[in-house]
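Structure file input-v7.cif (mmCIF, C-alpha atoms and all ligand atoms; chains and numbers go by the auth columns) is printed below.
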```
data_entry
loop_
_atom_site.group_PDB
_atom_site.id
_atom_site.type_symbol
_atom_site.label_atom_id
_atom_site.label_comp_id
_atom_site.label_asym_id
_atom_site.label_seq_id
_atom_site.Cartn_x
_atom_site.Cartn_y
_atom_site.Cartn_z
_atom_site.B_iso_or_equiv
_atom_site.auth_seq_id
_atom_site.auth_asym_id
ATOM 1 C CA MET A 1 -74.346 100.706 52.382 0.00 1 A
ATOM 2 C CA TRP A 2 -73.060 98.845 49.331 0.00 2 A
ATOM 3 C CA LYS A 3 -72.936 100.870 46.093 0.00 3 A
ATOM 4 C CA PRO A 4 -72.531 99.686 42.498 0.00 4 A
ATOM 5 C CA LEU A 5 -69.552 100.725 40.402 0.00 5 A
ATOM 6 C CA ILE A 6 -70.439 103.149 37.590 0.00 6 A
ATOM 7 C CA SER A 7 -68.712 102.827 34.213 0.00 7 A
ATOM 8 C CA PRO A 8 -69.885 105.600 31.879 0.00 8 A
ATOM 9 C CA SER A 9 -69.736 104.639 28.209 0.00 9 A
ATOM 10 C CA ILE A 10 -67.916 107.300 26.231 0.00 10 A
ATOM 11 C CA ILE A 11 -69.657 106.273 23.012 0.00 11 A
ATOM 12 C CA ALA A 12 -72.496 108.513 24.206 0.00 12 A
ATOM 13 C CA GLY A 13 -70.141 111.455 24.707 0.00 13 A
ATOM 14 C CA ASP A 14 -68.792 114.053 22.327 0.00 14 A
ATOM 15 C CA LEU A 15 -66.831 111.943 19.859 0.00 15 A
ATOM 16 C CA ALA A 16 -64.865 114.995 18.750 0.00 16 A
ATOM 17 C CA ASN A 17 -63.815 115.602 22.344 0.00 17 A
ATOM 18 C CA LEU A 18 -63.176 112.249 23.955 0.00 18 A
ATOM 19 C CA ARG A 19 -60.386 113.497 26.210 0.00 19 A
ATOM 20 C CA GLN A 20 -62.620 116.135 27.711 0.00 20 A
ATOM 21 C CA ASP A 21 -65.401 113.621 28.355 0.00 21 A
ATOM 22 C CA ALA A 22 -63.000 111.080 29.900 0.00 22 A
ATOM 23 C CA ILE A 23 -61.820 113.781 32.304 0.00 23 A
ATOM 24 C CA ARG A 24 -65.394 114.873 33.011 0.00 24 A
ATOM 25 C CA ALA A 25 -66.283 111.282 33.922 0.00 25 A
ATOM 26 C CA GLU A 26 -63.269 110.849 36.198 0.00 26 A
ATOM 27 C CA GLU A 27 -63.706 114.202 37.905 0.00 27 A
ATOM 28 C CA GLY A 28 -67.432 113.509 38.119 0.00 28 A
ATOM 29 C CA GLY A 29 -66.717 110.470 40.301 0.00 29 A
ATOM 30 C CA ALA A 30 -67.027 107.582 37.861 0.00 30 A
ATOM 31 C CA ASP A 31 -65.300 104.368 38.940 0.00 31 A
ATOM 32 C CA TRP A 32 -64.322 103.216 35.452 0.00 32 A
ATOM 33 C CA LEU A 33 -64.594 104.453 31.858 0.00 33 A
ATOM 34 C CA HIS A 34 -66.306 102.091 29.420 0.00 34 A
ATOM 35 C CA LEU A 35 -64.789 102.039 25.926 0.00 35 A
ATOM 36 C CA ASP A 36 -66.900 100.368 23.238 0.00 36 A
ATOM 37 C CA ILE A 37 -64.715 98.994 20.460 0.00 37 A
ATOM 38 C CA MET A 38 -66.693 98.018 17.342 0.00 38 A
ATOM 39 C CA ASP A 39 -65.363 96.570 14.109 0.00 39 A
ATOM 40 C CA GLY A 40 -68.307 97.108 11.750 0.00 40 A
ATOM 41 C CA ASN A 41 -68.651 93.355 11.401 0.00 41 A
ATOM 42 C CA PHE A 42 -69.426 91.823 14.783 0.00 42 A
ATOM 43 C CA VAL A 43 -71.800 94.766 15.196 0.00 43 A
ATOM 44 C CA PRO A 44 -73.144 97.160 12.537 0.00 44 A
ATOM 45 C CA ASN A 45 -71.084 100.130 13.706 0.00 45 A
ATOM 46 C CA ILE A 46 -67.452 101.287 13.959 0.00 46 A
ATOM 47 C CA THR A 47 -66.007 103.304 16.817 0.00 47 A
ATOM 48 C CA PHE A 48 -62.302 103.635 17.579 0.00 48 A
ATOM 49 C CA GLY A 49 -59.209 101.525 18.154 0.00 49 A
ATOM 50 C CA PRO A 50 -56.094 101.155 20.302 0.00 50 A
ATOM 51 C CA ALA A 51 -54.542 104.438 19.132 0.00 51 A
ATOM 52 C CA THR A 52 -57.478 106.317 20.596 0.00 52 A
ATOM 53 C CA VAL A 53 -57.227 104.365 23.860 0.00 53 A
ATOM 54 C CA ALA A 54 -53.499 105.223 24.004 0.00 54 A
ATOM 55 C CA ALA A 55 -54.319 108.876 23.428 0.00 55 A
ATOM 56 C CA LEU A 56 -56.834 108.861 26.298 0.00 56 A
ATOM 57 C CA ARG A 57 -54.625 106.929 28.730 0.00 57 A
ATOM 58 C CA PRO A 58 -52.474 109.832 29.987 0.00 58 A
ATOM 59 C CA ALA A 59 -55.527 112.038 30.530 0.00 59 A
ATOM 60 C CA VAL A 60 -57.072 109.887 33.295 0.00 60 A
ATOM 61 C CA ARG A 61 -56.044 107.397 35.975 0.00 61 A
ATOM 62 C CA PHE A 62 -59.167 105.321 36.497 0.00 62 A
ATOM 63 C CA THR A 63 -59.847 101.884 34.999 0.00 63 A
ATOM 64 C CA LEU A 64 -60.208 101.809 31.233 0.00 64 A
ATOM 65 C CA ASP A 65 -62.903 99.168 30.831 0.00 65 A
ATOM 66 C CA THR A 66 -62.567 98.034 27.235 0.00 66 A
ATOM 67 C CA HIS A 67 -65.445 96.148 25.618 0.00 67 A
ATOM 68 C CA LEU A 68 -64.288 94.462 22.418 0.00 68 A
ATOM 69 C CA MET A 69 -67.102 93.870 19.933 0.00 69 A
ATOM 70 C CA LEU A 70 -64.874 92.256 17.348 0.00 70 A
ATOM 71 C CA VAL A 71 -65.193 89.138 15.218 0.00 71 A
ATOM 72 C CA HIS A 72 -61.487 88.454 15.853 0.00 72 A
ATOM 73 C CA PRO A 73 -60.458 89.931 19.204 0.00 73 A
ATOM 74 C CA LEU A 74 -57.364 87.741 19.558 0.00 74 A
ATOM 75 C CA SER A 75 -55.216 89.729 17.158 0.00 75 A
ATOM 76 C CA MET A 76 -56.077 93.016 18.891 0.00 76 A
ATOM 77 C CA ILE A 77 -55.809 92.165 22.598 0.00 77 A
ATOM 78 C CA GLU A 78 -52.105 92.973 22.955 0.00 78 A
ATOM 79 C CA ARG A 79 -52.606 96.275 21.173 0.00 79 A
ATOM 80 C CA PHE A 80 -55.323 97.352 23.604 0.00 80 A
ATOM 81 C CA ALA A 81 -53.305 96.175 26.606 0.00 81 A
ATOM 82 C CA GLU A 82 -50.279 98.129 25.406 0.00 82 A
ATOM 83 C CA ALA A 83 -52.518 101.144 24.820 0.00 83 A
ATOM 84 C CA GLY A 84 -53.459 101.094 28.491 0.00 84 A
ATOM 85 C CA SER A 85 -56.689 99.119 28.806 0.00 85 A
ATOM 86 C CA ASP A 86 -56.915 97.800 32.384 0.00 86 A
ATOM 87 C CA LEU A 87 -59.821 95.444 31.788 0.00 87 A
ATOM 88 C CA ILE A 88 -60.463 93.769 28.440 0.00 88 A
ATOM 89 C CA THR A 89 -63.787 92.079 27.781 0.00 89 A
ATOM 90 C CA VAL A 90 -64.370 89.721 24.851 0.00 90 A
ATOM 91 C CA HIS A 91 -67.631 88.239 23.610 0.00 91 A
ATOM 92 C CA VAL A 92 -68.354 84.566 23.933 0.00 92 A
ATOM 93 C CA GLU A 93 -69.951 84.888 20.437 0.00 93 A
ATOM 94 C CA SER A 94 -66.680 86.048 18.835 0.00 94 A
ATOM 95 C CA THR A 95 -64.971 83.660 16.451 0.00 95 A
ATOM 96 C CA ASP A 96 -61.694 83.265 18.347 0.00 96 A
ATOM 97 C CA PRO A 97 -61.411 80.666 21.137 0.00 97 A
ATOM 98 C CA VAL A 98 -62.379 82.167 24.496 0.00 98 A
ATOM 99 C CA ASP A 99 -59.618 80.282 26.339 0.00 99 A
ATOM 100 C CA GLU A 100 -56.923 81.793 24.142 0.00 100 A
ATOM 101 C CA CYS A 101 -58.377 85.295 24.451 0.00 101 A
ATOM 102 C CA LEU A 102 -58.554 85.152 28.241 0.00 102 A
ATOM 103 C CA GLU A 103 -55.073 83.694 28.532 0.00 103 A
ATOM 104 C CA LEU A 104 -53.663 86.425 26.342 0.00 104 A
ATOM 105 C CA ILE A 105 -55.461 89.182 28.270 0.00 105 A
ATOM 106 C CA ARG A 106 -54.046 87.761 31.510 0.00 106 A
ATOM 107 C CA SER A 107 -50.536 87.403 30.118 0.00 107 A
ATOM 108 C CA CYS A 108 -50.665 91.074 29.084 0.00 108 A
ATOM 109 C CA GLY A 109 -51.364 91.977 32.707 0.00 109 A
ATOM 110 C CA ALA A 110 -54.950 93.155 32.164 0.00 110 A
ATOM 111 C CA ARG A 111 -58.086 91.985 33.963 0.00 111 A
ATOM 112 C CA THR A 112 -60.378 89.611 32.069 0.00 112 A
ATOM 113 C CA GLY A 113 -64.007 90.044 31.087 0.00 113 A
ATOM 114 C CA LEU A 114 -66.400 87.778 29.205 0.00 114 A
ATOM 115 C CA CYS A 115 -69.577 89.151 27.586 0.00 115 A
ATOM 116 C CA ILE A 116 -72.794 87.596 26.316 0.00 116 A
ATOM 117 C CA ASN A 117 -75.410 89.027 23.988 0.00 117 A
ATOM 118 C CA PRO A 118 -79.136 89.135 24.773 0.00 118 A
ATOM 119 C CA ASP A 119 -79.889 86.050 22.659 0.00 119 A
ATOM 120 C CA THR A 120 -77.108 83.863 24.079 0.00 120 A
ATOM 121 C CA PRO A 121 -78.029 81.417 26.863 0.00 121 A
ATOM 122 C CA ILE A 122 -76.356 82.449 30.116 0.00 122 A
ATOM 123 C CA GLU A 123 -74.887 78.954 30.476 0.00 123 A
ATOM 124 C CA ALA A 124 -72.435 79.899 27.709 0.00 124 A
ATOM 125 C CA VAL A 125 -70.193 81.655 30.262 0.00 125 A
ATOM 126 C CA GLU A 126 -70.173 78.765 32.730 0.00 126 A
ATOM 127 C CA PRO A 127 -66.870 77.142 31.609 0.00 127 A
ATOM 128 C CA TRP A 128 -64.996 80.373 32.440 0.00 128 A
ATOM 129 C CA ALA A 129 -67.046 81.666 35.361 0.00 129 A
ATOM 130 C CA ASP A 130 -64.437 80.701 37.934 0.00 130 A
ATOM 131 C CA GLN A 131 -61.500 82.283 36.119 0.00 131 A
ATOM 132 C CA VAL A 132 -62.656 85.690 34.818 0.00 132 A
ATOM 133 C CA ASP A 133 -62.636 88.956 36.735 0.00 133 A
ATOM 134 C CA LEU A 134 -65.911 90.096 35.208 0.00 134 A
ATOM 135 C CA VAL A 135 -68.921 88.806 33.318 0.00 135 A
ATOM 136 C CA LEU A 136 -70.813 91.306 31.165 0.00 136 A
ATOM 137 C CA LEU A 137 -74.455 90.791 30.295 0.00 137 A
ATOM 138 C CA MET A 138 -75.677 92.820 27.316 0.00 138 A
ATOM 139 C CA SER A 139 -79.122 94.295 27.922 0.00 139 A
ATOM 140 C CA VAL A 140 -79.332 95.684 24.375 0.00 140 A
ATOM 141 C CA HIS A 141 -78.213 94.237 21.062 0.00 141 A
ATOM 142 C CA PRO A 142 -74.777 95.839 20.853 0.00 142 A
ATOM 143 C CA GLY A 143 -73.898 98.528 18.337 0.00 143 A
ATOM 144 C CA PHE A 144 -75.452 101.786 19.450 0.00 144 A
ATOM 145 C CA THR A 145 -75.992 103.977 22.466 0.00 145 A
ATOM 146 C CA GLY A 146 -79.444 105.124 23.529 0.00 146 A
ATOM 147 C CA GLN A 147 -81.334 101.869 22.917 0.00 147 A
ATOM 148 C CA SER A 148 -84.051 100.531 25.211 0.00 148 A
ATOM 149 C CA PHE A 149 -83.321 97.871 27.812 0.00 149 A
ATOM 150 C CA VAL A 150 -84.270 94.477 26.356 0.00 150 A
ATOM 151 C CA GLU A 151 -87.202 92.937 28.176 0.00 151 A
ATOM 152 C CA GLY A 152 -86.287 89.891 30.202 0.00 152 A
ATOM 153 C CA SER A 153 -82.754 91.130 30.968 0.00 153 A
ATOM 154 C CA VAL A 154 -83.442 91.469 34.707 0.00 154 A
ATOM 155 C CA GLU A 155 -84.480 87.814 34.866 0.00 155 A
ATOM 156 C CA ARG A 156 -81.365 86.817 32.907 0.00 156 A
ATOM 157 C CA LEU A 157 -79.233 88.879 35.258 0.00 157 A
ATOM 158 C CA ARG A 158 -80.739 87.164 38.287 0.00 158 A
ATOM 159 C CA ALA A 159 -80.112 83.737 36.757 0.00 159 A
ATOM 160 C CA LEU A 160 -76.556 84.692 35.819 0.00 160 A
ATOM 161 C CA ARG A 161 -75.865 85.938 39.372 0.00 161 A
ATOM 162 C CA ALA A 162 -77.063 82.583 40.703 0.00 162 A
ATOM 163 C CA LEU A 163 -74.927 80.695 38.189 0.00 163 A
ATOM 164 C CA LEU A 164 -71.795 82.690 39.059 0.00 164 A
ATOM 165 C CA ASP A 165 -72.352 82.261 42.788 0.00 165 A
ATOM 166 C CA ARG A 166 -72.839 78.527 42.309 0.00 166 A
ATOM 167 C CA VAL A 167 -69.831 77.744 40.131 0.00 167 A
ATOM 168 C CA SER A 168 -67.255 80.193 41.440 0.00 168 A
ATOM 169 C CA SER A 169 -65.729 80.293 44.921 0.00 169 A
ATOM 170 C CA ASN A 170 -64.767 83.919 44.282 0.00 170 A
ATOM 171 C CA PRO A 171 -67.544 85.190 41.967 0.00 171 A
ATOM 172 C CA PRO A 172 -66.542 87.736 39.325 0.00 172 A
ATOM 173 C CA ASP A 173 -68.029 91.197 39.027 0.00 173 A
ATOM 174 C CA LEU A 174 -71.293 91.162 37.114 0.00 174 A
ATOM 175 C CA GLN A 175 -71.586 94.073 34.722 0.00 175 A
ATOM 176 C CA ILE A 176 -74.633 95.042 32.704 0.00 176 A
ATOM 177 C CA ASP A 177 -74.570 97.185 29.569 0.00 177 A
ATOM 178 C CA GLY A 178 -77.313 98.904 27.579 0.00 178 A
ATOM 179 C CA GLY A 179 -80.360 100.962 28.404 0.00 179 A
ATOM 180 C CA ILE A 180 -79.412 101.528 32.064 0.00 180 A
ATOM 181 C CA GLY A 181 -80.760 104.634 33.797 0.00 181 A
ATOM 182 C CA LEU A 182 -82.334 105.894 36.977 0.00 182 A
ATOM 183 C CA HIS A 183 -85.594 104.170 36.079 0.00 183 A
ATOM 184 C CA ASN A 184 -84.149 100.657 36.270 0.00 184 A
ATOM 185 C CA CYS A 185 -80.817 100.745 38.151 0.00 185 A
ATOM 186 C CA ARG A 186 -82.236 99.739 41.556 0.00 186 A
ATOM 187 C CA GLU A 187 -83.967 96.689 40.140 0.00 187 A
ATOM 188 C CA ILE A 188 -80.806 95.791 38.225 0.00 188 A
ATOM 189 C CA VAL A 189 -78.583 95.956 41.303 0.00 189 A
ATOM 190 C CA GLU A 190 -81.111 93.945 43.292 0.00 190 A
ATOM 191 C CA ALA A 191 -80.917 91.294 40.582 0.00 191 A
ATOM 192 C CA GLY A 192 -77.168 91.003 41.118 0.00 192 A
ATOM 193 C CA ALA A 193 -75.227 93.537 39.043 0.00 193 A
ATOM 194 C CA THR A 194 -72.114 95.034 40.640 0.00 194 A
ATOM 195 C CA VAL A 195 -71.029 97.307 37.751 0.00 195 A
ATOM 196 C CA LEU A 196 -73.406 99.500 35.724 0.00 196 A
ATOM 197 C CA VAL A 197 -72.423 100.728 32.255 0.00 197 A
ATOM 198 C CA ALA A 198 -74.251 103.939 31.432 0.00 198 A
ATOM 199 C CA GLY A 199 -73.955 105.819 28.149 0.00 199 A
ATOM 200 C CA ALA A 200 -76.855 108.139 27.417 0.00 200 A
ATOM 201 C CA SER A 201 -77.881 108.317 31.068 0.00 201 A
ATOM 202 C CA VAL A 202 -74.518 109.925 31.910 0.00 202 A
ATOM 203 C CA PHE A 203 -73.078 111.701 28.883 0.00 203 A
ATOM 204 C CA ARG A 204 -76.370 112.927 27.475 0.00 204 A
ATOM 205 C CA GLN A 205 -77.350 114.577 30.753 0.00 205 A
ATOM 206 C CA PRO A 206 -76.748 118.249 31.527 0.00 206 A
ATOM 207 C CA ASP A 207 -74.616 117.448 34.605 0.00 207 A
ATOM 208 C CA VAL A 208 -72.348 114.395 34.234 0.00 208 A
ATOM 209 C CA ALA A 209 -71.245 114.368 37.895 0.00 209 A
ATOM 210 C CA LYS A 210 -74.836 114.498 39.117 0.00 210 A
ATOM 211 C CA ALA A 211 -75.864 111.740 36.721 0.00 211 A
ATOM 212 C CA ILE A 212 -73.068 109.456 38.006 0.00 212 A
ATOM 213 C CA HIS A 213 -73.877 110.271 41.629 0.00 213 A
ATOM 214 C CA ASP A 214 -77.610 109.704 41.172 0.00 214 A
ATOM 215 C CA LEU A 215 -77.105 106.344 39.448 0.00 215 A
ATOM 216 C CA ARG A 216 -74.805 105.136 42.231 0.00 216 A
ATOM 217 C CA GLU A 217 -77.076 106.356 45.028 0.00 217 A
ATOM 218 C CA THR A 218 -80.262 105.094 43.407 0.00 218 A
ATOM 219 C CA GLY A 219 -78.623 101.711 42.826 0.00 219 A
ATOM 220 C CA ALA A 220 -77.256 101.495 46.375 0.00 220 A
ATOM 221 C CA GLY A 221 -78.571 98.850 48.725 0.00 221 A
ATOM 222 C CA ASN A 222 -77.572 95.491 50.117 0.00 222 A
ATOM 223 C CA LEU A 223 -74.574 93.727 48.660 0.00 223 A
ATOM 224 C CA PRO A 224 -76.064 91.839 45.685 0.00 224 A
ATOM 225 C CA ARG A 225 -74.602 88.471 46.666 0.00 225 A
HETATM 226 C C1 LIG B . -73.796 98.916 23.107 0.00 301 A
HETATM 227 C C2 LIG B . -72.597 99.298 23.950 0.00 301 A
HETATM 228 C C3 LIG B . -72.994 99.998 25.191 0.00 301 A
HETATM 229 C C4 LIG B . -73.953 101.134 24.979 0.00 301 A
HETATM 230 C C5 LIG B . -74.248 101.884 26.218 0.00 301 A
HETATM 231 O O1 LIG B . -73.371 98.432 21.924 0.00 301 A
HETATM 232 O O2 LIG B . -71.862 98.159 24.305 0.00 301 A
HETATM 233 O O3 LIG B . -71.876 100.276 25.995 0.00 301 A
HETATM 234 O O4 LIG B . -73.583 101.957 23.950 0.00 301 A
HETATM 235 O O5 LIG B . -75.060 102.961 25.913 0.00 301 A
HETATM 236 P P1 LIG B . -76.470 103.237 26.622 0.00 301 A
HETATM 237 O O6 LIG B . -76.207 103.209 28.117 0.00 301 A
HETATM 238 O O7 LIG B . -76.873 104.572 26.120 0.00 301 A
HETATM 239 O O8 LIG B . -77.385 102.127 26.226 0.00 301 A
HETATM 240 ZN ZN ZN B . -70.316 98.289 25.977 0.00 302 A
#
```
Please express what this file holds, its structure, as structure tokens.
Ligand code: DX5
Ligand code: ZN
Amino acid sequence: MWKPLISPSIIAGDLANLRQDAIRAEEGGADWLHLDIMDGNFVPNITFGPATVAALRPAVRFTLDTHLMLVHPLSMIERFAEAGSDLITVHVESTDPVDECLELIRSCGARTGLCINPDTPIEAVEPWADQVDLVLLMSVHPGFTGQSFVEGSVERLRALRALLDRVSSNPPDLQIDGGIGLHNCREIVEAGATVLVAGASVFRQPDVAKAIHDLRETGAGNLPR
């Protein structure tokens, strides 16, 4: 049976103990670790930067899935790649040209991701759909963990899956981020997601390993393509 990848978002963890939570996620069976990078401008919150990613890198071996919520990602991409980010996702709504961001991510040897916010038409990713490794659909307005899944996101996900399958011969992973939990993960995978970001539903649970396992098993089903 096909199972979705689980990328726990460490923003919902113990921010005074990130290393411990990264290890808990890896040992708990997570596929990737989602790192939310916020600049206080693109979103109304600030998290951490490349130095923190570099400090986490030696503690774990799995994919560091780095979600840049920055007005100007271009000037920071090399720093995150050098710090050890394996996958770097930029927003289509950022100010810097998407082409330049993706090219730089690739030239640094990292995998490429392109993200859209809940209010952005899904067609915005179409020009890059056949060249990125991952497309990320936000299912909350980015900035904070623990928000509710924005209504209509499942329909957007389904439409985005169809768009990616239509325009790309080798469709990218489709990741969804915000408000994901056991209550909605099956429906989300059925709609076409291959990677689930989960903050509160992993790190704010009593047993991180069980939370990861339950999300993966509840989401499991037919290959969503
Ligand atoms: C939102 C971030 C998400 C989010 C996930 O700005 O990009 O990664 O914090 O947290 P939950 O799963 O709790 O919504
Ligand atoms: Zn995120």
Item to check | Selection near Ala124 (chain A), 12 Å with all atoms listed in the file, sequence-local residues under 2 positions removed, as number ranges by chain | outcome: A: 91-93, 98, 114-122, 126-129, 135, 137, 160, 163-164
For the selection you just gave me, I'd like the residues written to a file as a PDB file, in the coordinates of the input, keeping C-alpha atoms.
```pdb
ATOM      1  CA  HIS A  91     -67.631  88.239  23.610  1.00  0.00           C
ATOM      2  CA  VAL A  92     -68.354  84.566  23.933  1.00  0.00           C
ATOM      3  CA  GLU A  93     -69.951  84.888  20.437  1.00  0.00           C
ATOM      4  CA  VAL A  98     -62.379  82.167  24.496  1.00  0.00           C
ATOM      5  CA  LEU A 114     -66.400  87.778  29.205  1.00  0.00           C
ATOM      6  CA  CYS A 115     -69.577  89.151  27.586  1.00  0.00           C
ATOM      7  CA  ILE A 116     -72.794  87.596  26.316  1.00  0.00           C
ATOM      8  CA  ASN A 117     -75.410  89.027  23.988  1.00  0.00           C
ATOM      9  CA  PRO A 118     -79.136  89.135  24.773  1.00  0.00           C
ATOM     10  CA  ASP A 119     -79.889  86.050  22.659  1.00  0.00           C
ATOM     11  CA  THR A 120     -77.108  83.863  24.079  1.00  0.00           C
ATOM     12  CA  PRO A 121     -78.029  81.417  26.863  1.00  0.00           C
ATOM     13  CA  ILE A 122     -76.356  82.449  30.116  1.00  0.00           C
ATOM     14  CA  GLU A 126     -70.173  78.765  32.730  1.00  0.00           C
ATOM     15  CA  PRO A 127     -66.870  77.142  31.609  1.00  0.00           C
ATOM     16  CA  TRP A 128     -64.996  80.373  32.440  1.00  0.00           C
ATOM     17  CA  ALA A 129     -67.046  81.666  35.361  1.00  0.00           C
ATOM     18  CA  VAL A 135     -68.921  88.806  33.318  1.00  0.00           C
ATOM     19  CA  LEU A 137     -74.455  90.791  30.295  1.00  0.00           C
ATOM     20  CA  LEU A 160     -76.556  84.692  35.819  1.00  0.00           C
ATOM     21  CA  LEU A 163     -74.927  80.695  38.189  1.00  0.00           C
ATOM     22  CA  LEU A 164     -71.795  82.690  39.059  1.00  0.00           C
TER      23      LEU A 164
END
```
Next on the checklist: Using all atoms listed in the file, which residues have at least one atom no more than 9 Å from ligand LIG 301 (chain A)? Output them as a count of residues only.
Outcome noted: 42
Item to check | All residues 10 Å or closer to His213 (chain A), only C-alpha atoms, same chain fewer than 6 positions away omitted, as a PyMOL selection string | outcome: chain A and resi 6+28-30+202+219
The selected residues should be written to file as a compact mmCIF listing (two decimals), keeping the file's coordinate frame (atoms: C-alpha atoms).
```
# COMPACT_ATOMS: atom_id res chain seq x y z
CA ILE A 6 -70.44 103.15 37.59
CA GLY A 28 -67.43 113.51 38.12
CA GLY A 29 -66.72 110.47 40.30
CA ALA A 30 -67.03 107.58 37.86
CA VAL A 202 -74.52 109.92 31.91
CA GLY A 219 -78.62 101.71 42.83
```
Item to check | Result set of the PyMOL selection byres (((chain A and resi 42) around 8) and not hetatm) on the coordinates above, as an NGL selection string | outcome: :A and (38-41 or 43-44 or 69-71 or 94)
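For the atom pair formed by CA of Ser169 (chain A) and CA of Phe80 (chain A), the distance is 29.2 Å, given to one decimal.
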Using all atoms listed in the file, which protein or nucleic acid residues come within 8 Å of Ala59 (chain A)? Drop anything in the same chain fewer than 4 positions from it, and give the result as an mmCIF file with C-alpha atoms, in the coordinates of the input.
```
data_model
loop_
_atom_site.group_PDB
_atom_site.id
_atom_site.type_symbol
_atom_site.label_atom_id
_atom_site.label_comp_id
_atom_site.auth_asym_id
_atom_site.auth_seq_id
_atom_site.Cartn_x
_atom_site.Cartn_y
_atom_site.Cartn_z
ATOM 1 C CA ARG A 19 -60.386 113.497 26.210
ATOM 2 C CA ALA A 22 -63.000 111.080 29.900
ATOM 3 C CA ILE A 23 -61.820 113.781 32.304
ATOM 4 C CA ALA A 55 -54.319 108.876 23.428
#
```
Item to check | Spatial neighbours of Lys3 (chain A), 8 Å, all atoms listed in the file, chain gap at least 3 places, as a list in words | outcome: Arg216, Glu217, Gly219, Ala220, Gly221 and Leu223 of chain A
Checklist entry - So what does the PyMOL selection byres (((chain A and resi 83-86) around 7) and not hetatm) actually pick up in this one, as a ChimeraX atom specification? => result /A:50-51,53-54,57,63-66,79-82,87-88,110-111
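Picture a line from CA of Glu78 (chain A) to CA of Ser168 (chain A); it runs 27.1 Å.
The shortest atom-to-atom distance to ligand ZN 302 (chain A), with all atoms listed in the file taken into account, belongs to A:Val90 out of A:Leu18, A:Leu102, A:Val90, A:Ile77.
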Checklist entry - CA of Thr218 (chain A) and CA of Phe62 (chain A), how far apart in Å? => result 22.2 Å
